[in-house]
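A.B. asks: So that you have it, the file is my_file-v1.cif, and it contains mmCIF, C-alpha atoms and all ligand atoms:
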data_data
loop_
_atom_site.label_atom_id
_atom_site.label_comp_id
_atom_site.auth_asym_id
_atom_site.auth_seq_id
_atom_site.Cartn_x
_atom_site.Cartn_y
_atom_site.Cartn_z
CA MET A 1 -14.27 -4.32 -25.38
CA SER A 2 -16.60 -6.69 -23.56
CA TYR A 3 -16.82 -7.12 -19.80
CA SER A 4 -14.21 -9.31 -18.19
CA PHE A 5 -13.98 -10.30 -14.56
CA ALA A 6 -10.56 -11.89 -14.99
CA ASP A 7 -7.45 -9.84 -14.29
CA SER A 8 -5.07 -9.70 -17.26
CA GLU A 9 -1.44 -10.76 -16.73
CA GLU A 10 -0.50 -7.08 -16.77
CA ILE A 11 -2.98 -6.27 -14.00
CA LYS A 12 -1.87 -9.27 -11.95
CA MET A 13 1.77 -8.15 -12.17
CA LEU A 14 0.89 -4.60 -11.23
CA ARG A 15 -1.23 -5.75 -8.29
CA GLU A 16 1.53 -8.04 -7.04
CA SER A 17 4.26 -5.43 -7.34
CA VAL A 18 2.28 -2.70 -5.52
CA ARG A 19 1.12 -5.19 -2.87
CA ASP A 20 4.66 -6.38 -2.33
CA PHE A 21 5.90 -2.80 -2.00
CA ALA A 22 3.08 -1.84 0.39
CA GLU A 23 3.67 -4.87 2.60
CA LYS A 24 7.46 -4.74 2.64
CA GLU A 25 8.12 -0.99 2.60
CA ILE A 26 5.05 0.80 3.95
CA ALA A 27 3.57 -1.64 6.48
CA PRO A 28 6.62 -1.74 8.80
CA LYS A 29 6.69 2.07 9.01
CA ALA A 30 2.98 2.90 8.89
CA HIS A 31 2.35 2.83 12.64
CA ASP A 32 5.22 5.15 13.55
CA LEU A 33 4.56 7.60 10.72
CA ASP A 34 0.91 7.74 11.76
CA GLU A 35 1.77 8.15 15.43
CA ASN A 36 4.27 10.95 14.71
CA GLU A 37 2.12 12.62 12.02
CA GLU A 38 5.09 12.35 9.71
CA PHE A 39 4.97 12.59 5.92
CA SER A 40 7.69 10.31 4.54
CA VAL A 41 9.65 11.87 1.69
CA GLU A 42 11.59 8.62 1.39
CA LEU A 43 8.53 6.40 0.90
CA THR A 44 6.87 8.94 -1.38
CA LYS A 45 9.92 8.97 -3.65
CA LYS A 46 9.99 5.18 -3.59
CA MET A 47 6.35 5.13 -4.72
CA GLY A 48 7.52 7.34 -7.57
CA GLU A 49 10.30 4.90 -8.43
CA LEU A 50 7.68 2.15 -8.53
CA GLY A 51 5.88 4.11 -11.26
CA LEU A 52 3.00 5.51 -9.23
CA PHE A 53 3.47 9.17 -10.21
CA GLY A 54 1.77 10.30 -13.42
CA THR A 55 -0.08 6.99 -13.65
CA VAL A 56 -2.58 7.91 -16.38
CA ILE A 57 -0.39 10.55 -18.04
CA PRO A 58 0.92 9.40 -21.44
CA ALA A 59 4.60 8.53 -21.86
CA GLU A 60 5.24 11.58 -24.08
CA TYR A 61 4.90 13.77 -20.96
CA GLY A 62 6.91 11.37 -18.81
CA GLY A 63 3.89 9.49 -17.43
CA GLN A 64 3.23 5.79 -16.98
CA GLY A 65 0.46 5.59 -19.59
CA MET A 66 -1.71 3.35 -17.40
CA ASP A 67 -5.43 2.97 -18.00
CA TYR A 68 -7.91 3.84 -15.25
CA ILE A 69 -8.38 0.21 -14.22
CA GLN A 70 -4.65 -0.16 -13.62
CA TYR A 71 -4.61 3.10 -11.69
CA VAL A 72 -7.48 1.92 -9.48
CA VAL A 73 -5.66 -1.38 -8.82
CA ALA A 74 -2.52 0.50 -7.71
CA VAL A 75 -4.39 2.80 -5.31
CA GLU A 76 -6.43 -0.11 -3.95
CA GLU A 77 -3.29 -2.09 -3.13
CA LEU A 78 -1.70 0.83 -1.27
CA ALA A 79 -4.91 1.48 0.67
CA ARG A 80 -5.10 -2.17 1.68
CA VAL A 81 -2.06 -1.45 3.83
CA ASP A 82 -2.15 2.27 4.58
CA GLY A 83 -4.54 5.13 3.83
CA SER A 84 -1.97 7.92 4.10
CA HIS A 85 0.27 6.62 1.33
CA ALA A 86 -2.68 5.77 -0.88
CA ALA A 87 -3.94 9.33 -0.32
CA THR A 88 -0.62 10.86 -1.40
CA ILE A 89 -0.75 8.91 -4.67
CA ALA A 90 -4.48 9.37 -5.31
CA ALA A 91 -4.34 13.13 -4.71
CA HIS A 92 -1.18 13.65 -6.73
CA ASN A 93 -2.47 11.72 -9.75
CA SER A 94 -6.18 12.52 -9.82
CA LEU A 95 -6.14 16.05 -8.48
CA GLY A 96 -2.57 17.20 -9.07
CA ALA A 97 -1.26 15.95 -12.39
CA ALA A 98 -4.57 15.16 -14.14
CA PRO A 99 -5.97 18.73 -14.45
CA LEU A 100 -2.65 19.94 -15.86
CA TYR A 101 -2.84 17.16 -18.43
CA TYR A 102 -6.51 17.55 -19.32
CA TYR A 103 -6.71 21.36 -19.37
CA GLY A 104 -3.14 22.58 -19.80
CA ASN A 105 -1.90 23.83 -23.15
CA GLU A 106 1.06 22.09 -24.78
CA GLU A 107 3.57 24.49 -23.24
CA GLN A 108 2.17 24.02 -19.73
CA LYS A 109 2.06 20.24 -20.09
CA LYS A 110 5.67 20.11 -21.27
CA GLU A 111 6.80 22.46 -18.53
CA TYR A 112 5.11 20.80 -15.55
CA LEU A 113 4.17 17.18 -16.23
CA PRO A 114 7.58 15.50 -16.59
CA SER A 115 8.67 16.69 -13.15
CA LEU A 116 5.40 15.38 -11.67
CA CYS A 117 5.84 11.94 -13.19
CA ASP A 118 9.41 11.17 -12.18
CA GLY A 119 8.73 10.67 -8.49
CA ASN A 120 10.31 13.87 -7.24
CA GLY A 121 7.51 16.39 -7.35
CA LEU A 122 3.93 16.58 -6.06
CA TRP A 123 1.17 18.86 -7.27
CA ALA A 124 -1.93 19.93 -5.32
CA PHE A 125 -5.52 20.92 -6.04
CA GLY A 126 -6.55 24.22 -4.48
CA LEU A 127 -10.33 24.22 -4.37
CA THR A 128 -11.55 24.03 -0.77
CA GLU A 129 -11.74 27.11 1.43
CA ALA A 130 -12.80 27.65 5.01
CA ASP A 131 -16.27 28.73 3.84
CA ALA A 132 -16.38 26.79 0.59
CA GLY A 133 -16.39 23.02 1.07
CA SER A 134 -19.44 21.23 -0.32
CA ASP A 135 -20.56 24.56 -1.81
CA ALA A 136 -17.49 24.74 -4.01
CA GLN A 137 -18.72 27.78 -5.96
CA ALA A 138 -18.64 29.85 -2.78
CA SER A 139 -14.86 30.47 -3.09
CA LYS A 140 -13.71 33.87 -1.91
CA THR A 141 -10.16 33.68 -3.25
CA LYS A 142 -9.85 36.34 -5.96
CA ALA A 143 -7.55 36.90 -8.91
CA GLU A 144 -7.40 40.42 -10.34
CA TYR A 145 -5.91 41.17 -13.71
CA ASP A 146 -3.05 43.66 -13.78
CA ALA A 147 -3.10 44.72 -17.43
CA ALA A 148 0.09 46.78 -17.19
CA ASN A 149 2.12 43.69 -16.32
CA ASP A 150 -0.12 41.08 -17.97
CA GLU A 151 -0.32 39.30 -14.61
CA TRP A 152 -2.97 38.02 -12.22
CA VAL A 153 -2.80 38.98 -8.57
CA ILE A 154 -4.23 36.33 -6.25
CA ASN A 155 -5.52 36.98 -2.74
CA GLY A 156 -7.30 34.56 -0.42
CA SER A 157 -6.78 31.22 1.28
CA LYS A 158 -7.34 27.48 0.88
CA ILE A 159 -7.62 24.75 3.48
CA TRP A 160 -7.26 20.93 3.71
CA ILE A 161 -5.22 20.77 0.55
CA THR A 162 -3.51 17.38 0.25
CA ASN A 163 0.17 17.42 -0.82
CA SER A 164 0.28 21.23 -0.81
CA ALA A 165 2.75 21.85 2.00
CA SER A 166 5.28 19.05 1.66
CA GLU A 167 8.91 19.54 0.72
CA LEU A 168 8.18 17.73 -2.55
CA THR A 169 5.36 20.09 -3.52
CA LYS A 170 6.08 21.87 -6.80
CA GLY A 171 2.84 23.78 -7.07
CA ILE A 172 -0.91 24.06 -6.77
CA THR A 173 -3.80 24.51 -9.21
CA VAL A 174 -5.86 27.27 -7.62
CA GLN A 175 -9.49 28.16 -8.27
CA ALA A 176 -10.16 31.90 -7.92
CA ILE A 177 -12.88 34.40 -8.76
CA THR A 178 -11.99 36.33 -11.90
CA GLY A 179 -15.20 38.30 -12.44
CA LYS A 180 -18.99 38.02 -12.66
CA ARG A 181 -20.98 35.84 -15.02
CA ASP A 182 -24.08 36.97 -16.93
CA ASN A 183 -26.23 35.00 -14.45
CA GLY A 184 -24.82 37.09 -11.58
CA LYS A 185 -22.73 34.24 -10.15
CA ASN A 186 -18.98 34.49 -9.69
CA GLU A 187 -16.82 33.63 -12.66
CA LEU A 188 -14.19 31.10 -11.57
CA SER A 189 -10.88 30.35 -13.27
CA CYS A 190 -7.92 28.13 -12.41
CA PHE A 191 -4.29 29.18 -12.14
CA ILE A 192 -1.02 27.29 -12.00
CA VAL A 193 0.78 28.58 -8.92
CA PRO A 194 4.34 27.42 -8.18
CA ALA A 195 4.97 26.39 -4.57
CA ASP A 196 7.69 29.04 -4.20
CA ALA A 197 5.56 31.93 -5.51
CA LYS A 198 6.22 35.18 -3.65
CA GLY A 199 3.37 35.94 -1.24
CA LEU A 200 2.27 32.30 -0.91
CA THR A 201 2.45 30.85 2.60
CA ARG A 202 2.01 27.10 3.01
CA LYS A 203 1.40 25.60 6.44
CA VAL A 204 1.22 21.93 7.34
CA MET A 205 -2.03 21.14 9.16
CA HIS A 206 -1.66 18.98 12.27
CA GLY A 207 -4.10 17.21 14.54
CA LYS A 208 -5.92 15.04 11.99
CA MET A 209 -7.48 11.85 13.35
CA MET A 210 -6.80 10.03 10.04
CA TRP A 211 -4.32 9.96 7.15
CA ARG A 212 -1.85 11.30 9.66
CA ALA A 213 1.17 10.45 7.50
CA SER A 214 -0.20 12.34 4.49
CA ASN A 215 0.56 16.00 3.89
CA THR A 216 -2.35 18.40 4.34
CA GLY A 217 -1.81 22.11 3.92
CA GLU A 218 -3.36 25.47 4.57
CA LEU A 219 -2.51 28.10 1.97
CA TYR A 220 -2.50 31.90 2.17
CA PHE A 221 -2.22 34.05 -0.94
CA ASP A 222 -1.07 37.57 -0.27
CA ASN A 223 -0.80 39.42 -3.59
CA VAL A 224 0.61 36.35 -5.31
CA ARG A 225 1.46 37.33 -8.88
CA VAL A 226 1.34 34.84 -11.73
CA PRO A 227 1.67 35.60 -15.46
CA ASN A 228 -1.42 35.51 -17.66
CA SER A 229 0.08 32.37 -19.20
CA ALA A 230 -0.44 30.59 -15.84
CA MET A 231 -4.20 30.42 -16.43
CA LEU A 232 -5.33 26.83 -16.95
CA GLY A 233 -7.59 26.59 -19.98
CA ASN A 234 -9.85 29.57 -20.59
CA LYS A 235 -11.07 32.27 -18.25
CA GLY A 236 -14.33 31.20 -16.61
CA GLU A 237 -13.76 27.46 -17.08
CA GLY A 238 -12.34 26.91 -13.59
CA PHE A 239 -15.40 25.47 -11.86
CA LYS A 240 -16.11 23.03 -14.69
CA GLN A 241 -12.46 21.92 -14.60
CA MET A 242 -12.64 21.40 -10.86
CA MET A 243 -15.91 19.44 -11.08
CA GLU A 244 -14.61 17.19 -13.86
CA THR A 245 -11.43 16.62 -11.88
CA LEU A 246 -13.53 15.52 -8.90
CA ASP A 247 -15.51 13.16 -11.15
CA ASN A 248 -12.23 11.41 -11.99
CA GLY A 249 -10.96 11.67 -8.43
CA ARG A 250 -13.95 9.70 -7.16
CA LEU A 251 -12.53 6.61 -8.83
CA SER A 252 -9.37 6.78 -6.75
CA ILE A 253 -11.24 7.53 -3.52
CA GLY A 254 -13.45 4.53 -4.32
CA ALA A 255 -10.24 2.53 -4.72
CA MET A 256 -9.09 3.75 -1.33
CA GLY A 257 -12.35 2.54 0.22
CA LEU A 258 -12.19 -0.83 -1.48
CA GLY A 259 -8.54 -1.32 -0.55
CA LEU A 260 -9.14 -0.36 3.07
CA ALA A 261 -12.11 -2.76 3.27
CA LYS A 262 -10.05 -5.62 1.83
CA GLY A 263 -7.18 -4.86 4.20
CA ALA A 264 -9.57 -4.86 7.17
CA LEU A 265 -11.08 -8.18 6.08
CA ASP A 266 -7.66 -9.82 5.61
CA LEU A 267 -6.52 -8.71 9.07
CA THR A 268 -9.77 -9.86 10.64
CA ILE A 269 -9.82 -13.30 9.01
CA LYS A 270 -6.24 -13.90 10.13
CA TYR A 271 -7.01 -12.83 13.67
CA ALA A 272 -10.29 -14.76 13.82
CA ASN A 273 -8.52 -17.97 12.83
CA GLU A 274 -5.87 -17.51 15.50
CA ARG A 275 -7.82 -16.15 18.44
CA GLN A 276 -9.49 -18.86 20.53
CA THR A 277 -12.51 -18.51 22.78
CA PHE A 278 -14.68 -21.22 24.28
CA GLY A 279 -12.23 -23.84 23.01
CA LYS A 280 -12.10 -22.93 19.32
CA PRO A 281 -10.96 -20.15 16.94
CA ILE A 282 -13.48 -17.34 16.96
CA ALA A 283 -13.85 -17.76 13.16
CA LYS A 284 -15.70 -20.99 14.03
CA HIS A 285 -18.30 -19.07 16.04
CA GLN A 286 -21.24 -18.16 13.87
CA ALA A 287 -21.40 -14.62 15.31
CA VAL A 288 -17.94 -13.92 13.90
CA ALA A 289 -18.17 -16.07 10.77
CA PHE A 290 -21.32 -14.23 9.69
CA LYS A 291 -19.60 -10.86 10.17
CA LEU A 292 -16.77 -12.01 7.92
CA ALA A 293 -19.22 -13.35 5.34
CA GLU A 294 -21.07 -10.02 5.32
CA MET A 295 -17.82 -8.06 4.93
CA ALA A 296 -16.71 -10.28 2.05
CA THR A 297 -20.06 -9.92 0.30
CA ARG A 298 -20.11 -6.13 0.55
CA ILE A 299 -16.51 -5.98 -0.71
CA GLU A 300 -17.47 -8.05 -3.74
CA ALA A 301 -20.35 -5.66 -4.51
CA ALA A 302 -18.12 -2.60 -4.02
CA GLU A 303 -15.50 -4.07 -6.32
CA GLY A 304 -18.04 -4.68 -9.08
CA LEU A 305 -19.32 -1.10 -8.87
CA LEU A 306 -15.88 0.51 -8.75
CA TYR A 307 -14.41 -1.48 -11.61
CA LYS A 308 -17.48 -0.84 -13.72
CA ALA A 309 -17.04 2.91 -13.13
CA ALA A 310 -13.33 2.71 -14.03
CA TRP A 311 -14.15 0.69 -17.12
CA LEU A 312 -16.76 3.24 -18.23
CA LYS A 313 -14.20 6.03 -17.80
CA GLN A 314 -11.58 4.05 -19.67
CA GLU A 315 -13.98 3.38 -22.53
CA GLY A 316 -14.81 7.08 -22.84
CA ARG A 317 -18.44 6.49 -21.81
CA ASP A 318 -20.51 8.42 -19.26
CA PHE A 319 -19.04 7.35 -15.94
CA GLN A 320 -19.85 10.23 -13.58
CA LYS A 321 -22.91 8.68 -11.94
CA HIS A 322 -21.10 5.37 -11.42
CA ALA A 323 -18.02 7.17 -10.07
CA ALA A 324 -20.15 8.96 -7.47
CA MET A 325 -21.91 5.66 -6.60
CA ALA A 326 -18.55 3.88 -6.31
CA LYS A 327 -17.10 6.61 -4.10
CA LEU A 328 -20.19 6.55 -1.88
CA TYR A 329 -20.52 2.79 -1.61
CA CYS A 330 -16.82 1.93 -1.28
CA SER A 331 -16.54 4.51 1.54
CA GLU A 332 -19.47 2.93 3.35
CA VAL A 333 -18.11 -0.58 2.89
CA ALA A 334 -14.71 0.58 4.14
CA GLU A 335 -16.25 2.02 7.26
CA TYR A 336 -18.39 -1.09 7.80
CA CYS A 337 -15.45 -3.47 7.42
CA ALA A 338 -13.15 -1.39 9.63
CA ARG A 339 -15.83 -1.23 12.35
CA GLU A 340 -16.80 -4.90 12.20
CA GLY A 341 -13.13 -5.86 12.00
CA GLN A 342 -12.37 -3.78 15.06
CA GLN A 343 -15.33 -5.35 16.88
CA THR A 344 -13.92 -8.80 16.11
CA PHE A 345 -10.52 -7.82 17.50
CA GLY A 346 -12.26 -6.76 20.72
CA GLY A 347 -9.97 -4.85 23.10
CA TYR A 348 -6.98 -5.35 20.80
CA GLY A 349 -8.81 -3.46 18.04
CA LEU A 350 -8.71 -0.38 20.25
CA MET A 351 -4.93 -0.49 20.50
CA LYS A 352 -2.77 1.53 18.14
CA GLU A 353 -0.30 -1.29 17.60
CA TYR A 354 -3.02 -3.16 15.68
CA PRO A 355 -3.42 -1.83 12.10
CA ILE A 356 -7.19 -2.37 12.26
CA GLU A 357 -7.32 0.62 14.62
CA ARG A 358 -5.67 2.83 11.96
CA HIS A 359 -8.04 1.53 9.29
CA TYR A 360 -10.96 2.44 11.57
CA ARG A 361 -9.75 6.05 11.81
CA ASP A 362 -8.72 6.33 8.15
CA ALA A 363 -12.13 5.13 6.97
CA ALA A 364 -13.79 8.25 8.40
CA LEU A 365 -12.12 10.50 5.82
CA LEU A 366 -13.61 8.61 2.91
CA ARG A 367 -17.18 9.73 3.60
CA ILE A 368 -16.06 13.36 3.98
CA GLY A 369 -13.10 14.08 1.68
CA GLU A 370 -13.36 14.78 -2.05
CA GLY A 371 -17.10 15.29 -1.75
CA THR A 372 -19.05 14.07 1.27
CA SER A 373 -21.40 11.09 1.04
CA GLU A 374 -24.24 13.63 1.00
CA ILE A 375 -22.71 15.34 -2.07
CA GLN A 376 -22.36 11.94 -3.79
CA ARG A 377 -26.05 11.29 -3.16
CA LEU A 378 -26.86 14.75 -4.53
CA VAL A 379 -24.81 14.08 -7.68
CA ILE A 380 -26.37 10.62 -8.15
CA SER A 381 -29.89 11.98 -7.60
CA ARG A 382 -29.33 14.57 -10.33
CA TYR A 383 -28.30 11.83 -12.78
CA ILE A 384 -31.39 9.74 -12.09
CA GLY A 385 -33.83 12.52 -12.79
CA CYS A 386 -34.45 14.15 -9.41
N1 LIG B 401 -18.67 18.38 -14.81
C1 LIG B 401 -18.70 19.47 -15.62
N2 LIG B 401 -19.39 20.58 -15.31
C2 LIG B 401 -20.08 20.58 -14.15
C3 LIG B 401 -20.10 19.47 -13.28
C4 LIG B 401 -19.36 18.34 -13.66
N3 LIG B 401 -19.31 17.24 -12.89
N4 LIG B 401 -20.87 19.76 -12.22
C5 LIG B 401 -21.32 21.01 -12.40
N5 LIG B 401 -20.84 21.50 -13.58
C6 LIG B 401 -21.10 22.80 -14.17
C7 LIG B 401 -22.57 22.93 -14.49
O1 LIG B 401 -22.86 22.47 -15.78
C8 LIG B 401 -22.81 24.42 -14.36
O2 LIG B 401 -22.40 25.05 -15.53
P1 LIG B 401 -23.19 26.39 -16.01
O3 LIG B 401 -23.23 27.31 -14.82
O4 LIG B 401 -22.36 26.90 -17.13
O5 LIG B 401 -24.56 25.93 -16.40
C9 LIG B 401 -21.84 24.83 -13.24
O6 LIG B 401 -20.83 23.81 -13.20
C10 LIG B 401 -22.51 24.94 -11.92
O7 LIG B 401 -23.17 23.72 -11.67
P2 LIG B 401 -24.23 23.56 -10.50
O8 LIG B 401 -25.20 24.69 -10.56
O9 LIG B 401 -24.72 22.17 -10.54
O10 LIG B 401 -23.29 23.77 -9.23
P3 LIG B 401 -23.68 23.76 -7.72
O11 LIG B 401 -23.19 24.99 -7.09
O12 LIG B 401 -25.13 23.37 -7.53
O13 LIG B 401 -22.73 22.61 -7.14
C11 LIG B 401 -22.05 20.43 -6.58
C12 LIG B 401 -22.72 21.33 -7.60
C13 LIG B 401 -22.72 20.40 -5.23
C14 LIG B 401 -22.11 19.03 -7.20
C15 LIG B 401 -20.57 20.87 -6.43
O14 LIG B 401 -20.47 22.08 -5.73
C16 LIG B 401 -19.72 19.85 -5.70
O15 LIG B 401 -19.28 18.86 -6.28
N6 LIG B 401 -19.44 20.10 -4.41
C17 LIG B 401 -18.53 19.25 -3.67
C18 LIG B 401 -17.16 19.76 -3.81
C19 LIG B 401 -16.17 18.80 -3.27
O16 LIG B 401 -16.17 17.62 -3.58
N7 LIG B 401 -15.26 19.32 -2.46
C20 LIG B 401 -14.23 18.51 -1.88
C21 LIG B 401 -12.97 18.81 -2.51
S1 LIG B 401 -11.76 17.87 -1.70
S2 LIG B 401 -10.48 17.69 -3.06
#
Using structure tokens, write down the structure that the file contains.
Ligand code: COS
C.D. replies:
Amino acid sequence: MSYSFADSEEIKMLRESVRDFAEKEIAPKAHDLDENEEFSVELTKKMGELGLFGTVIPAEYGGQGMDYIQYVVAVEELARVDGSHAATIAAHNSLGAAPLYYYGNEEQKKEYLPSLCDGNGLWAFGLTEADAGSDAQASKTKAEYDAANDEWVINGSKIWITNSASELTKGITVQAITGKRDNGKNELSCFIVPADAKGLTRKVMHGKMMWRASNTGELYFDNVRVPNSAMLGNKGEGFKQMMETLDNGRLSIGAMGLGLAKGALDLTIKYANERQTFGKPIAKHQAVAFKLAEMATRIEAAEGLLYKAAWLKQEGRDFQKHAAMAKLYCSEVAEYCAREGQQTFGGYGLMKEYPIERHYRDAALLRIGEGTSEIQRLVISRYIGC
């Protein structure tokens, strides 16, 4: 397939339907949900009804069979209106359902995927720990094999796990130490852990400055027993699975950045054409017009980078470097547009009733979550021969 900068009819329809949903259903509730730190089961299920669960999972497992470009469009349109709801969808698809699809055996896929594609169940990605963030191999959570029962016994904890403590959560893919490798490093493997497993405590984390209507959990594993058949892929493949999952996830975080930036620009252009100072709309003042022109230009560049990365992934080509670049750059553009937008709104931009204020807070997550901007630069530098 050659490059195309024109949206197909299918993409246009998808974009319009998600935009319409985000504007009519999410926008009117976004402020209150954010203010009350409330995860909306109702809106999450409605996003499922719209076909946003199991986006890239093939129809045979109940999924929507979208390609990665379609998936990016959907996340972008949600993020244009609200980061929390975009985060729920991005985390569920990229980090929740995708590893089960890519690494699960046929039995596991048939058991778990349909219920994660029908809009009623969320799945989470249990990688991060209190002392293992950027250094993701530093996990302390352990799984010990109990040969007598052919089970693994998991002990440890995870933190900042999106979608892990909601009432829709069906389970978590958990990275744990399962032994030592020949090079002396920990051997890491992944396990499928149901949300109701005995010994698993899930706590909702409160007090976030951003994504306040998304569900973030803290997990404690106290002798949680799972059968040997709950291992995802082979023993010792856990870290590679997690890293590949993050490579894919960067596309959806990039989409969140691009969507947020576009949302901030739209709000700012509207405001700048209405607000008058010195006898004319502020959009007619060069100081403001140039800000808007700069925002629009950076958004255009971010879009090109992100859609190229998604296209590379879709085509089965090497996309990892571009995904890291897209995640890095879209996050920076999001933050830039939210800040410059807020500046244009002046005092109003500091008030919670103006969505630009929420965009400003939500943008901060993008340079920290799913691999900090520093980690993206590290990944990119490795690909360019450093
Ligand atoms: N895909 C497949 N395999 C990968 C990989 C990738 N993207 N990245 C690393 N690996 C493999 C390596 O090939 C290596 O395999 P061997 O040990 O068999 O040779 C192994 O994983 C270890 O790789 P490496 O030595 O590069 O790991 P590091 O400890 O240096 O860590 C970084 C690499 C920093 C890139 C990794 O820890 C990382 O991405 N950290 C950020 C984690 C993150 O984003 N957390 C946020 C989660 S929020 S959901």
A.B. asks: Under the rule that all atoms listed in the file are counted, which of A:Arg250, A:Lys208, A:His285, A:Arg317 is the nearest residue to ligand LIG 401 (chain B)?
C.D. replies: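 Checking each of A:Arg250, A:Lys208, A:His285, A:Arg317 against ligand LIG 401 (chain B), counting all atoms listed in the file, the winner is A:Arg250.
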A.B. asks: Kindly give the distance, in Å, that separates CA of Arg80 in chain A and CA of Pro114 in chain A, rounded to a single decimal.
C.D. replies: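 We find that CA of Arg80 in chain A and CA of Pro114 in chain A lie 28.4 Å from each other.
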A.B. asks: Pick the closest to ligand LIG 401 (chain B) from A:Val72, A:Ala287, A:Leu265, A:Leu95: which is it, counting all atoms listed in the file?
C.D. replies: A:Leu95
A.B. asks: Report, in Å to a single decimal, how far apart CA of Val18 in chain A and CA of Thr268 in chain A are.
C.D. replies: 21.4 Å
A.B. asks: Using all atoms listed in the file, which of A:Ser84, A:Thr245, A:Gln108, A:Thr55 sits nearest Arg212 in chain A?
C.D. replies: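 The closest residue to Arg212 in chain A is A:Ser84.
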A.B. asks: Skip Ala364 in chain A itself and residues of its chain fewer than 5 positions away, then list as a list in words all residues within 9 Å of it, counting only C-alpha atoms.
C.D. replies: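 My list of contacting residues is Met209, Met210, Ser331, Ala334, Glu335, His359 and Gly369 of chain A.
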A.B. asks: Keeping only C-alpha atoms, take the residues you just selected and write them out as a PDB file, in the frame of the given file.
C.D. replies:
ATOM      1  CA  MET A 209      -7.480  11.850  13.350  1.00  0.00           C
ATOM      2  CA  MET A 210      -6.800  10.030  10.040  1.00  0.00           C
ATOM      3  CA  SER A 331     -16.540   4.510   1.540  1.00  0.00           C
ATOM      4  CA  ALA A 334     -14.710   0.580   4.140  1.00  0.00           C
ATOM      5  CA  GLU A 335     -16.250   2.020   7.260  1.00  0.00           C
ATOM      6  CA  HIS A 359      -8.040   1.530   9.290  1.00  0.00           C
ATOM      7  CA  GLY A 369     -13.100  14.080   1.680  1.00  0.00           C
TER       8      GLY A 369
END
A.B. asks: Please measure the separation of CA of Leu232 in chain A and CA of Glu106 in chain A, giving the value in Å to one decimal.
C.D. replies: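 Atom-to-atom, CA of Leu232 in chain A to CA of Glu106 in chain A, that is 11.2 Å.
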A.B. asks: Between A:Glu167, A:Glu23, A:Glu129, A:Glu111, which residue has the minimum interatomic distance to Val41 in chain A, considering only C-alpha atoms?
C.D. replies: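 The closest residue to Val41 in chain A is A:Glu167.
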A.B. asks: Excluding Thr169 in chain A and residues on its chain fewer than 5 positions from it, collect all residues at most 9 Å away from it, counting only C-alpha atoms, and give them as a list in words.
C.D. replies: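 My list of contacting residues is Asn120, Gly121, Leu122, Trp123, Ala124, Asn163, Ser164, Pro194 and Ala195 of chain A.
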A.B. asks: Which residue, A:Ala74, A:Met231, A:Met66, A:Leu366, has the smallest gap to Asp20 in chain A when you use only C-alpha atoms?
C.D. replies: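 Of A:Ala74, A:Met231, A:Met66, A:Leu366, the one nearest Asp20 in chain A, counting only C-alpha atoms, is A:Ala74.
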A.B. asks: Could you check which of A:Leu168, A:Ala272, A:Leu188, A:Ala87 is closest to Lys284 in chain A, using all atoms listed in the file?
C.D. replies: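 Residue with the minimum atom-to-atom distance to Lys284 in chain A: A:Ala272.
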A.B. asks: Can you tell me, as AutoDock Vina command-line options, the centre and edge lengths (Å, one decimal) of the axis-aligned box enclosing all of range 129-147 of chain A's listed atoms after padding each side by 8 Å?
C.D. replies:
--center_x -11.8 --center_y 33.0 --center_z -6.2 --size_x 33.5 --size_y 39.5 --size_z 38.4
A.B. asks: Env of Lys291 in chain A: 9 Å cut, atoms = all atoms listed in the file, seq-sep filter 4 positions within chain, self excluded. Answer as a count of residues only.
C.D. replies: 8
A.B. asks: Show which residues sit within 7 Å of range 143-147 of chain A, as a tab-separated table (two decimals) with C-alpha atoms, keeping the file's coordinate frame. Count all atoms listed in the file, and ignore same-chain residues fewer than 6 positions away.
C.D. replies:
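File written: out34.tsv
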chain	number	residue	atom	x	y	z
A	153	VAL	CA	-2.80	38.98	-8.57
A	154	ILE	CA	-4.23	36.33	-6.25
A	155	ASN	CA	-5.52	36.98	-2.74
A	176	ALA	CA	-10.16	31.90	-7.92
A	177	ILE	CA	-12.88	34.40	-8.76
A	178	THR	CA	-11.99	36.33	-11.90
